[in-house]
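Shown next: my_file.cif, containing mmCIF, C-alpha atoms.
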```
data_model
#
loop_
_atom_site.label_atom_id
_atom_site.label_comp_id
_atom_site.auth_asym_id
_atom_site.auth_seq_id
_atom_site.Cartn_x
_atom_site.Cartn_y
_atom_site.Cartn_z
CA MET A 28 125.58 92.48 176.69
CA PRO A 29 124.93 95.44 174.36
CA GLN A 30 125.34 94.84 170.67
CA THR A 31 127.18 97.35 168.51
CA GLU A 32 125.55 98.03 165.17
CA THR A 33 127.74 98.49 162.12
CA PRO A 34 126.84 101.36 159.77
CA GLY A 35 123.88 100.51 157.63
CA THR A 36 122.74 97.54 159.66
CA GLU A 37 120.73 99.38 162.31
CA ALA A 38 117.87 100.12 159.94
CA ALA A 39 117.95 96.55 158.67
CA SER A 40 117.75 95.14 162.17
CA ARG A 41 114.68 97.26 162.87
CA THR A 42 112.79 95.87 159.87
CA ARG A 43 109.36 94.80 161.02
CA LEU A 44 108.92 91.07 160.78
CA ARG A 45 105.85 89.75 158.97
CA TRP A 46 104.22 86.39 159.51
CA TRP A 47 104.03 85.73 155.78
CA THR A 48 107.82 85.93 155.55
CA GLU A 49 108.54 84.20 158.86
CA LEU A 50 106.34 81.16 158.20
CA PRO A 51 108.11 80.11 154.95
CA LEU A 52 111.46 80.65 156.67
CA ILE A 53 110.50 78.39 159.61
CA LEU A 54 109.13 75.76 157.23
CA LEU A 55 112.33 75.90 155.17
CA VAL A 56 114.49 75.33 158.24
CA TYR A 57 112.28 72.46 159.40
CA ALA A 58 112.44 70.93 155.90
CA CYS A 59 116.24 71.16 156.03
CA TYR A 60 116.20 69.56 159.48
CA SER A 61 113.97 66.68 158.36
CA GLY A 62 115.68 66.28 154.99
CA GLY A 63 119.14 66.41 156.54
CA ARG A 64 118.26 63.67 159.00
CA LEU A 65 116.87 61.59 156.17
CA LEU A 66 119.66 62.03 153.62
CA VAL A 67 122.63 61.77 155.95
CA ARG A 68 122.17 58.18 157.01
CA GLY A 69 125.78 57.17 157.39
CA ASP A 70 127.15 53.65 157.60
CA VAL A 71 125.26 51.39 160.03
CA THR A 72 128.43 49.67 161.24
CA THR A 73 130.05 53.03 161.97
CA ALA A 74 126.92 54.23 163.77
CA VAL A 75 126.88 51.12 165.96
CA ASP A 76 130.57 51.57 166.78
CA HIS A 77 129.93 55.17 167.81
CA GLY A 78 127.03 54.12 170.01
CA LEU A 79 129.08 51.44 171.76
CA THR A 80 131.92 53.89 172.30
CA ILE A 81 129.56 56.34 173.97
CA LEU A 82 128.16 53.57 176.14
CA ARG A 83 131.65 52.46 177.22
CA ILE A 84 132.60 56.04 178.14
CA GLU A 85 129.43 56.40 180.22
CA LYS A 86 130.04 53.13 182.05
CA PHE A 87 133.60 54.16 182.78
CA LEU A 88 132.36 57.48 184.20
CA HIS A 89 129.37 55.80 185.92
CA ILE A 90 126.89 58.12 184.20
CA ASN A 91 124.94 55.54 182.18
CA ALA A 92 121.58 56.68 183.60
CA GLU A 93 119.73 55.34 180.56
CA HIS A 94 119.98 51.74 181.84
CA PRO A 95 117.91 52.12 185.06
CA LEU A 96 115.51 54.56 183.39
CA ASN A 97 114.84 52.20 180.49
CA ARG A 98 114.26 49.35 182.94
CA LEU A 99 111.68 51.47 184.76
CA PHE A 100 109.90 52.57 181.57
CA ARG A 101 109.59 49.07 180.14
CA THR A 102 108.24 47.52 183.35
CA GLU A 103 105.86 50.31 184.36
CA ALA A 104 103.40 51.01 181.55
CA TRP A 105 101.84 53.94 183.41
CA ILE A 106 105.22 55.68 183.06
CA GLY A 107 106.35 54.25 179.73
CA VAL A 108 103.22 55.03 177.69
CA PRO A 109 102.97 58.75 178.62
CA ALA A 110 106.73 59.02 178.06
CA ASP A 111 106.32 57.65 174.54
CA PHE A 112 103.59 60.18 173.79
CA TRP A 113 105.84 62.91 175.22
CA TYR A 114 108.71 61.87 172.96
CA ALA A 115 106.59 61.43 169.84
CA SER A 116 104.64 64.69 169.97
CA LEU A 117 105.83 67.51 172.22
CA HIS A 118 109.07 68.05 170.31
CA TYR A 119 106.97 69.08 167.29
CA LEU A 120 104.27 70.99 169.16
CA VAL A 121 105.80 72.97 172.02
CA THR A 122 108.64 74.57 170.05
CA PRO A 123 106.41 75.99 167.26
CA ALA A 124 103.87 77.12 169.87
CA ILE A 125 106.52 79.12 171.73
CA LEU A 126 107.74 80.63 168.47
CA VAL A 127 104.21 81.81 167.64
CA TRP A 128 103.74 83.15 171.19
CA LEU A 129 107.01 85.08 170.95
CA PHE A 130 106.10 86.50 167.55
CA ARG A 131 102.71 87.71 168.75
CA SER A 132 103.41 88.77 172.34
CA ARG A 133 107.17 89.32 172.68
CA SER A 134 108.07 90.48 169.17
CA ARG A 135 111.06 92.50 170.41
CA HIS A 136 112.78 89.25 171.42
CA TYR A 137 111.51 87.04 168.60
CA ARG A 138 114.25 87.53 166.01
CA ALA A 139 117.13 86.75 168.36
CA ALA A 140 115.33 83.68 169.75
CA ARG A 141 114.47 82.39 166.29
CA THR A 142 118.04 82.92 165.06
CA TRP A 143 119.38 81.06 168.10
CA LEU A 144 117.10 78.09 167.44
CA MET A 145 117.94 77.94 163.73
CA THR A 146 121.68 78.28 164.24
CA SER A 147 121.73 75.48 166.80
CA THR A 148 119.57 73.24 164.60
CA PHE A 149 121.97 73.55 161.68
CA MET A 150 124.85 72.75 164.02
CA GLY A 151 122.95 69.64 165.09
CA LEU A 152 122.65 68.58 161.45
CA ILE A 153 126.42 68.86 161.16
CA GLY A 154 126.69 66.55 164.15
CA PHE A 155 124.37 64.00 162.51
CA THR A 156 126.60 64.12 159.42
CA LEU A 157 129.95 63.77 161.15
CA LEU A 158 128.93 61.40 163.92
CA PRO A 159 126.12 58.99 162.96
CA THR A 160 125.23 57.20 166.17
CA CYS A 161 123.16 54.11 166.89
CA PRO A 162 120.67 54.82 169.71
CA PRO A 163 120.50 52.41 172.65
CA ARG A 164 117.25 50.81 171.43
CA LEU A 165 118.93 49.60 168.22
CA LEU A 166 121.88 47.91 169.93
CA SER A 167 121.80 44.15 170.32
CA ALA A 168 119.64 42.82 173.15
CA SER A 169 122.77 41.77 175.04
CA HIS A 170 123.31 45.42 176.03
CA GLY A 171 120.08 45.40 178.02
CA PHE A 172 117.96 48.01 176.25
CA VAL A 173 114.32 47.67 175.15
CA ASP A 174 112.64 49.93 172.60
CA THR A 175 109.63 51.18 174.58
CA MET A 176 108.20 52.88 171.49
CA ALA A 177 107.93 49.46 169.87
CA GLN A 178 106.77 47.81 173.11
CA TYR A 179 103.87 50.26 173.55
CA SER A 180 103.20 50.94 169.85
CA SER A 181 99.61 49.69 170.17
CA TYR A 182 98.86 52.74 172.33
CA GLY A 183 99.90 55.32 169.74
CA TRP A 184 100.44 56.08 166.07
CA TRP A 185 104.10 55.11 165.98
CA GLY A 186 105.58 51.76 165.04
CA GLY A 187 108.95 50.28 165.85
CA GLU A 188 111.01 52.97 164.12
CA ALA A 189 111.39 55.88 166.53
CA SER A 190 108.39 58.23 166.54
CA ALA A 191 107.60 57.85 162.83
CA PRO A 192 103.99 56.83 162.05
CA ARG A 193 103.47 53.18 161.20
CA GLY A 194 104.64 52.37 157.68
CA MET A 195 106.72 55.57 157.39
CA GLY A 196 109.87 54.43 159.15
CA GLY A 197 111.83 54.76 155.92
CA MET A 198 111.30 58.52 156.06
CA THR A 199 113.41 59.01 159.17
CA ASN A 200 117.08 58.55 159.99
CA GLN A 201 117.24 56.38 163.09
CA TYR A 202 120.99 56.92 163.48
CA ALA A 203 120.73 60.69 164.04
CA ALA A 204 121.14 60.43 167.81
CA MET A 205 124.15 62.67 168.50
CA PRO A 206 123.42 65.39 169.53
CA SER A 207 119.88 65.08 170.90
CA LEU A 208 117.89 67.97 169.45
CA HIS A 209 114.91 66.75 171.46
CA VAL A 210 116.86 67.92 174.50
CA GLY A 211 118.32 70.93 172.67
CA TRP A 212 114.96 72.29 171.56
CA ALA A 213 113.46 71.61 175.01
CA LEU A 214 116.29 73.59 176.59
CA TRP A 215 115.61 76.47 174.18
CA CYS A 216 111.94 76.41 175.18
CA GLY A 217 112.91 76.42 178.85
CA VAL A 218 115.21 79.43 178.51
CA ILE A 219 112.63 81.40 176.53
CA LEU A 220 109.89 80.66 179.06
CA TRP A 221 112.15 81.56 181.97
CA ARG A 222 113.27 84.85 180.45
CA HIS A 223 110.02 86.05 178.88
CA GLY A 224 107.22 84.07 180.51
CA GLY A 225 106.78 86.42 183.46
CA THR A 226 104.63 84.10 185.60
CA ARG A 227 105.39 81.44 188.18
CA LEU A 228 103.71 78.82 185.97
CA ALA A 229 105.94 79.75 183.04
CA LYS A 230 109.07 79.50 185.15
CA THR A 231 107.97 76.12 186.49
CA ALA A 232 107.40 74.87 182.94
CA ALA A 233 110.79 76.31 181.98
CA VAL A 234 112.46 73.91 184.42
CA VAL A 235 110.15 70.90 184.12
CA TYR A 236 109.94 70.64 180.33
CA PRO A 237 113.67 70.25 179.47
CA LEU A 238 114.30 68.13 182.59
CA VAL A 239 111.48 65.67 181.81
CA THR A 240 112.45 65.58 178.12
CA THR A 241 115.99 64.58 179.09
CA ILE A 242 114.64 61.76 181.25
CA VAL A 243 112.22 60.66 178.51
CA VAL A 244 114.79 60.42 175.72
CA MET A 245 116.94 58.15 177.90
CA GLY A 246 114.13 56.08 179.39
CA THR A 247 112.68 55.31 175.95
CA ALA A 248 116.20 54.25 174.84
CA ASN A 249 116.29 56.83 172.06
CA HIS A 250 119.37 58.64 173.36
CA TYR A 251 122.37 58.22 175.64
CA PHE A 252 123.04 60.63 178.46
CA LEU A 253 125.95 62.09 176.48
CA ASP A 254 123.59 62.73 173.55
CA ALA A 255 121.56 64.92 175.89
CA VAL A 256 124.70 66.70 177.09
CA ALA A 257 125.72 67.31 173.48
CA GLY A 258 122.26 68.72 172.73
CA GLY A 259 122.70 71.24 175.53
CA ALA A 260 126.21 72.10 174.34
CA VAL A 261 124.99 72.73 170.79
CA MET A 262 122.38 75.15 172.11
CA GLY A 263 125.05 76.91 174.17
CA VAL A 264 127.34 77.41 171.18
CA GLY A 265 124.37 78.48 169.07
CA LEU A 266 123.50 81.13 171.65
CA LEU A 267 127.06 82.51 171.51
CA LEU A 268 126.96 82.61 167.70
CA THR A 269 123.55 84.28 167.47
CA PRO A 270 124.78 87.93 167.57
CA LEU A 271 127.30 87.16 164.82
CA VAL A 272 124.67 85.47 162.68
CA MET A 273 122.27 88.38 163.13
CA ARG A 274 124.89 90.97 162.18
CA SER A 275 125.85 88.94 159.12
CA ALA A 276 122.20 88.70 158.08
CA ASP A 277 121.78 92.47 158.50
CA ARG A 278 124.84 93.18 156.36
CA ALA A 279 123.57 90.78 153.69
CA ARG A 280 120.17 92.51 153.70
CA VAL A 281 121.75 95.96 153.33
CA TRP A 282 124.04 94.70 150.54
CA PHE A 283 121.11 93.18 148.68
CA ALA A 284 118.91 96.26 149.11
CA ALA A 285 121.67 98.51 147.74
CA ARG A 286 121.85 96.44 144.54
CA VAL A 287 118.13 95.93 144.06
CA PRO A 288 116.67 99.40 144.73
CA MET A 289 112.93 99.89 145.00
CA VAL A 290 111.29 101.76 142.12
CA ASP A 291 109.30 104.60 143.66
CA ARG A 292 106.18 105.88 141.99
CA ILE A 293 106.78 109.41 140.60
CA PRO A 294 103.86 111.82 141.10
CA VAL A 295 102.43 113.12 137.82
CA VAL A 296 101.68 116.84 138.15
CA SER A 297 102.07 119.88 135.92
CA ALA A 298 103.63 123.11 137.11
CA ASP A 299 103.10 126.69 135.99
CA SER A 300 105.91 129.13 135.25
CA GLN A 301 106.01 130.24 138.91
CA GLY A 302 106.63 126.64 140.02
CA ALA A 303 103.21 126.07 141.63
CA SER A 304 101.53 122.74 141.04
CA ALA A 305 98.39 122.67 138.96
CA SER A 306 96.02 119.77 139.43
CA ILE A 307 94.94 117.85 136.36
CA VAL A 308 91.87 116.54 138.18
CA SER A 309 88.65 118.49 138.67
CA GLY A 310 88.02 119.64 142.22
CA GLY A 311 85.05 117.35 142.78
CA CYS A 312 87.08 114.13 142.36
CA GLN A 313 88.62 112.24 145.26
CA THR A 314 91.97 110.83 144.19
CA SER A 315 95.23 109.74 145.71
CA PRO A 316 98.31 111.97 145.40
CA GLY A 317 100.16 111.31 142.19
CA GLU A 318 97.41 109.19 140.67
CA ARG A 319 97.40 109.23 136.86
CA ILE A 320 94.05 109.45 135.12
CA PRO A 321 93.92 107.18 132.04
CA ARG A 322 94.29 109.06 128.72
CA GLN A 323 94.72 112.36 130.53
CA ARG A 324 97.28 114.79 129.20
CA GLU A 325 99.40 117.15 131.23
CA GLN A 326 98.61 120.81 130.66
CA ARG A 327 101.11 123.62 131.02
CA LEU A 328 99.49 127.00 131.74
CA ARG A 329 100.74 130.34 130.45
CA PRO A 330 101.14 133.14 133.00
CA GLY A 331 97.71 134.73 133.64
CA ALA A 332 95.88 132.20 131.48
CA GLU A 333 92.71 130.47 132.65
CA PRO A 334 92.61 126.69 132.68
CA SER A 335 91.06 125.43 129.46
CA ALA A 336 88.07 123.15 129.40
CA SER A 337 88.56 119.46 129.04
CA PRO A 338 88.74 118.35 125.36
CA SER A 339 85.79 116.09 125.96
CA ASP A 340 83.64 118.80 127.57
CA ALA A 341 82.89 122.13 125.88
CA GLY A 342 80.80 123.36 128.79
CA ASP A 343 77.54 122.88 126.91
CA GLY A 344 77.53 119.12 127.04
CA ALA A 345 78.60 118.77 123.39
CA PRO A 346 81.73 116.84 122.46
CA ALA A 347 84.70 118.93 121.38
CA ALA A 348 84.59 117.55 117.86
CA ALA A 349 81.04 118.86 117.39
CA ARG A 350 81.89 122.52 118.22
#
```
As structure tokens - that is how I would like this structure written.
Amino acid sequence: MPQTETPGTEAASRTRLRWWTELPLILLVYACYSGGRLLVRGDVTTAVDHGLTILRIEKFLHINAEHPLNRLFRTEAWIGVPADFWYASLHYLVTPAILVWLFRSRSRHYRAARTWLMTSTFMGLIGFTLLPTCPPRLLSASHGFVDTMAQYSSYGWWGGEASAPRGMGGMTNQYAAMPSLHVGWALWCGVILWRHGGTRLAKTAAVVYPLVTTIVVMGTANHYFLDAVAGGAVMGVGLLLTPLVMRSADRARVWFAARVPMVDRIPVVSADSQGASASIVSGGCQTSPGERIPRQREQRLRPGAEPSASPSDAGDGAPAAAR
């Protein structure tokens, strides 16, 4: 759908993106994501209540797929161990890799894709704040779930606290389950690969990656099926909001640029009475236009007058003061 540019924003939207501005921006958003998950812990009792409510809804609708998947993952190590590695690492590797690939090879589409990802991530943080949710693996054993990350922790770097490295469990919020941004980010990766990948392999990965991620987050008992659905919904709303966010950012950039104008360098030249420019640099020098020579004065020539010799050069090699 074509986007209409408001006056003044078209030039802003065409601003060339630089990696040294994009990298701090991405790191800032990821810091907000990690910090938001950490700071917004919520009440444990409330989180457990929310988790049980989701589980009851799924059982009523007969969509509690996490139960059979978790049973399979905990009894078949050849499935459970790779799934744990998938959950613990790909979320933090594939998404940045696709961002870098877009920036380098599909730069025309990068800004919209990056804005979509960031907008959806901030919406997910709002969900963590308003709806702290206990994941299946932290419910009491009577509900039939086993934490496969803890069961197979000897195979990887994680402990018994989600995918956090051993001894660093206190640096993660284990009740940030709704929505599942593991699924949301994987869906974003899939859409980007499908639209811009251009090869059969890319399109296959576009389908396989989000689908397997959805199965993994349920089989490892880190998310409910409805968490995964909510992750997809957040990405959908974020996609709809992306044009609005981009236009708002363009307007803000134009507003800021109008109040903080750039100071242009003014060329330093002297002009004769006919308006022609007279160089203050000898013809043998190679200089940039408008470059000021230290301690050099401007000279104004009278009509018909010859340029005078430099004060420091009388033509005979003697200083001016000695003549």
Atomic separation - atom CA of A:Pro159 relative to atom CA of A:Ala74, Å
4.9 Å
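Among the candidates A:Phe252, A:Phe149, A:Tyr236, A:Trp282, the one nearest to A:Thr122 when counting only C-alpha atoms is A:Tyr236.
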Against stretch 174-180 of chain A, which residues of stretch 70-164 of chain A fall within 7 Å? For each one I want the closest pair of atoms and the distance in Å (one decimal), counting only C-alpha atoms, rows by chain and increasing residue number, as JSON lines.
```
{"residue": "A:Arg101", "atom": "CA", "partner": "A:Thr175", "partner_atom": "CA", "distance": 5.9}
{"residue": "A:Gly107", "atom": "CA", "partner": "A:Thr175", "partner_atom": "CA", "distance": 6.8}
{"residue": "A:Val108", "atom": "CA", "partner": "A:Tyr179", "partner_atom": "CA", "distance": 6.3}
{"residue": "A:Asp111", "atom": "CA", "partner": "A:Met176", "partner_atom": "CA", "distance": 6.0}
{"residue": "A:Arg164", "atom": "CA", "partner": "A:Asp174", "partner_atom": "CA", "distance": 4.8}
```
Which of these residues is nearest to A:Ser147, using all atoms listed in the file: A:Ala168, A:Leu268, A:Val244, A:Ala115?
A:Leu268
Given the file above and the PyMOL selection byres ((chain A and resi 208) around 9), which residues are selected, and can you give them as a PDB file with C-alpha atoms, keeping the file's coordinate frame?
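Saved the output as expr07.pdb:
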```pdb
ATOM      1  CA  HIS A 118     109.070  68.050 170.310  1.00  0.00           C
ATOM      2  CA  SER A 147     121.730  75.480 166.800  1.00  0.00           C
ATOM      3  CA  THR A 148     119.570  73.240 164.600  1.00  0.00           C
ATOM      4  CA  GLY A 151     122.950  69.640 165.090  1.00  0.00           C
ATOM      5  CA  ALA A 204     121.140  60.430 167.810  1.00  0.00           C
ATOM      6  CA  MET A 205     124.150  62.670 168.500  1.00  0.00           C
ATOM      7  CA  PRO A 206     123.420  65.390 169.530  1.00  0.00           C
ATOM      8  CA  SER A 207     119.880  65.080 170.900  1.00  0.00           C
ATOM      9  CA  HIS A 209     114.910  66.750 171.460  1.00  0.00           C
ATOM     10  CA  VAL A 210     116.860  67.920 174.500  1.00  0.00           C
ATOM     11  CA  GLY A 211     118.320  70.930 172.670  1.00  0.00           C
ATOM     12  CA  TRP A 212     114.960  72.290 171.560  1.00  0.00           C
ATOM     13  CA  ALA A 213     113.460  71.610 175.010  1.00  0.00           C
ATOM     14  CA  ASP A 254     123.590  62.730 173.550  1.00  0.00           C
ATOM     15  CA  ALA A 255     121.560  64.920 175.890  1.00  0.00           C
ATOM     16  CA  ALA A 257     125.720  67.310 173.480  1.00  0.00           C
ATOM     17  CA  GLY A 258     122.260  68.720 172.730  1.00  0.00           C
ATOM     18  CA  GLY A 259     122.700  71.240 175.530  1.00  0.00           C
ATOM     19  CA  VAL A 261     124.990  72.730 170.790  1.00  0.00           C
ATOM     20  CA  MET A 262     122.380  75.150 172.110  1.00  0.00           C
TER      21      MET A 262
END
```
To one decimal in Å, tell me the separation between atom CA of A:Val264 and atom CA of A:Met150.
8.9 Å
Give me the residues within 7 Å of A:Ala203 as an MDAnalysis selection string, counting only C-alpha atoms and dropping any in the same chain fewer than 3 places off.
chainID A and resid 64 155 159:160 200
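Atom CA of A:Ser116 is found 23.1 Å from atom CA of A:Arg131.
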If we count only C-alpha atoms, what is near A:Thr146 at a cut-off of 8 Å, once residues fewer than 6 positions away on the same chain are taken out, given as a PyMOL selection string?
chain A and resi 265+268-269+272
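With only C-alpha atoms as the basis for measurement, A:Leu79 is the residue among A:Leu79, A:Arg278, A:Val256, A:Leu266 that approaches A:Leu166 most closely.
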Residue IDs satisfying the PyMOL selection byres ((chain A and resi 232) around 12), as a VMD selection string:
chain A and resid 121 213 to 214 216 to 222 224 to 231 233 to 240
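In this comparison, which uses only C-alpha atoms, the residue of A:Leu120, A:Ala139, A:Leu158, A:Met145 approaching A:Asp76 most closely is A:Leu158.
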Assuming the chain letters and numbering stay as they are in my file, what does the PyMOL selection byres ((chain A and resi 99) around 12) actually select? List them as a list in words.
Ala92, Glu93, His94, Pro95, Leu96, Asn97, Arg98, Phe100, Arg101, Thr102, Glu103, Ala104, Trp105, Ile106, Gly107, Val108, Ala110, Phe172, Val173, Thr175, Ile242, Val243, Met245, Gly246, Thr247 and Ala248 of chain A
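Proximity of A:Thr156, A:Ser169, A:Leu88, A:Arg138 to A:Asp277, computed with all atoms listed in the file, is greatest for A:Arg138.
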Here is a test: counting only C-alpha atoms, which residue of A:Ser275, A:Leu253, A:Ser132, A:Phe283 is nearest to A:Ile90?
A:Leu253
Since the input is missing atoms, can you rebuild N, CA and C atoms for stretch 107-121 of chain A and write them as a PDB file, in the coordinates of the input?
```pdb
ATOM      1  N   GLY A 107     105.822  54.415 181.071  1.00  0.00           N
ATOM      2  CA  GLY A 107     106.350  54.250 179.730  1.00  0.00           C
ATOM      3  C   GLY A 107     105.452  54.793 178.637  1.00  0.00           C
ATOM      4  N   VAL A 108     104.135  54.565 178.743  1.00  0.00           N
ATOM      5  CA  VAL A 108     103.220  55.030 177.690  1.00  0.00           C
ATOM      6  C   VAL A 108     103.164  56.553 177.609  1.00  0.00           C
ATOM      7  N   PRO A 109     102.933  57.281 178.714  1.00  0.00           N
ATOM      8  CA  PRO A 109     102.970  58.750 178.620  1.00  0.00           C
ATOM      9  C   PRO A 109     104.328  59.273 178.138  1.00  0.00           C
ATOM     10  N   ALA A 110     105.412  58.590 178.513  1.00  0.00           N
ATOM     11  CA  ALA A 110     106.730  59.020 178.060  1.00  0.00           C
ATOM     12  C   ALA A 110     106.856  58.892 176.543  1.00  0.00           C
ATOM     13  N   ASP A 111     106.283  57.815 175.982  1.00  0.00           N
ATOM     14  CA  ASP A 111     106.320  57.650 174.540  1.00  0.00           C
ATOM     15  C   ASP A 111     105.524  58.735 173.824  1.00  0.00           C
ATOM     16  N   PHE A 112     104.369  59.081 174.374  1.00  0.00           N
ATOM     17  CA  PHE A 112     103.590  60.180 173.790  1.00  0.00           C
ATOM     18  C   PHE A 112     104.368  61.492 173.898  1.00  0.00           C
ATOM     19  N   TRP A 113     105.025  61.702 175.018  1.00  0.00           N
ATOM     20  CA  TRP A 113     105.840  62.910 175.220  1.00  0.00           C
ATOM     21  C   TRP A 113     106.912  62.994 174.136  1.00  0.00           C
ATOM     22  N   TYR A 114     107.622  61.877 173.937  1.00  0.00           N
ATOM     23  CA  TYR A 114     108.710  61.870 172.960  1.00  0.00           C
ATOM     24  C   TYR A 114     108.201  62.055 171.533  1.00  0.00           C
ATOM     25  N   ALA A 115     107.072  61.442 171.219  1.00  0.00           N
ATOM     26  CA  ALA A 115     106.590  61.430 169.840  1.00  0.00           C
ATOM     27  C   ALA A 115     105.911  62.719 169.416  1.00  0.00           C
ATOM     28  N   SER A 116     105.471  63.546 170.370  1.00  0.00           N
ATOM     29  CA  SER A 116     104.640  64.690 169.970  1.00  0.00           C
ATOM     30  C   SER A 116     105.153  66.055 170.433  1.00  0.00           C
ATOM     31  N   LEU A 117     105.563  66.176 171.689  1.00  0.00           N
ATOM     32  CA  LEU A 117     105.830  67.510 172.220  1.00  0.00           C
ATOM     33  C   LEU A 117     106.975  68.219 171.517  1.00  0.00           C
ATOM     34  N   HIS A 118     107.940  67.477 171.046  1.00  0.00           N
ATOM     35  CA  HIS A 118     109.070  68.050 170.310  1.00  0.00           C
ATOM     36  C   HIS A 118     108.578  68.869 169.111  1.00  0.00           C
ATOM     37  N   TYR A 119     107.489  68.432 168.500  1.00  0.00           N
ATOM     38  CA  TYR A 119     106.970  69.080 167.290  1.00  0.00           C
ATOM     39  C   TYR A 119     105.821  70.028 167.575  1.00  0.00           C
ATOM     40  N   LEU A 120     105.386  70.122 168.817  1.00  0.00           N
ATOM     41  CA  LEU A 120     104.270  70.990 169.160  1.00  0.00           C
ATOM     42  C   LEU A 120     104.683  72.176 170.024  1.00  0.00           C
ATOM     43  N   VAL A 121     105.467  71.913 171.061  1.00  0.00           N
ATOM     44  CA  VAL A 121     105.800  72.970 172.020  1.00  0.00           C
ATOM     45  C   VAL A 121     106.696  74.027 171.387  1.00  0.00           C
TER      46      VAL A 121
END
```
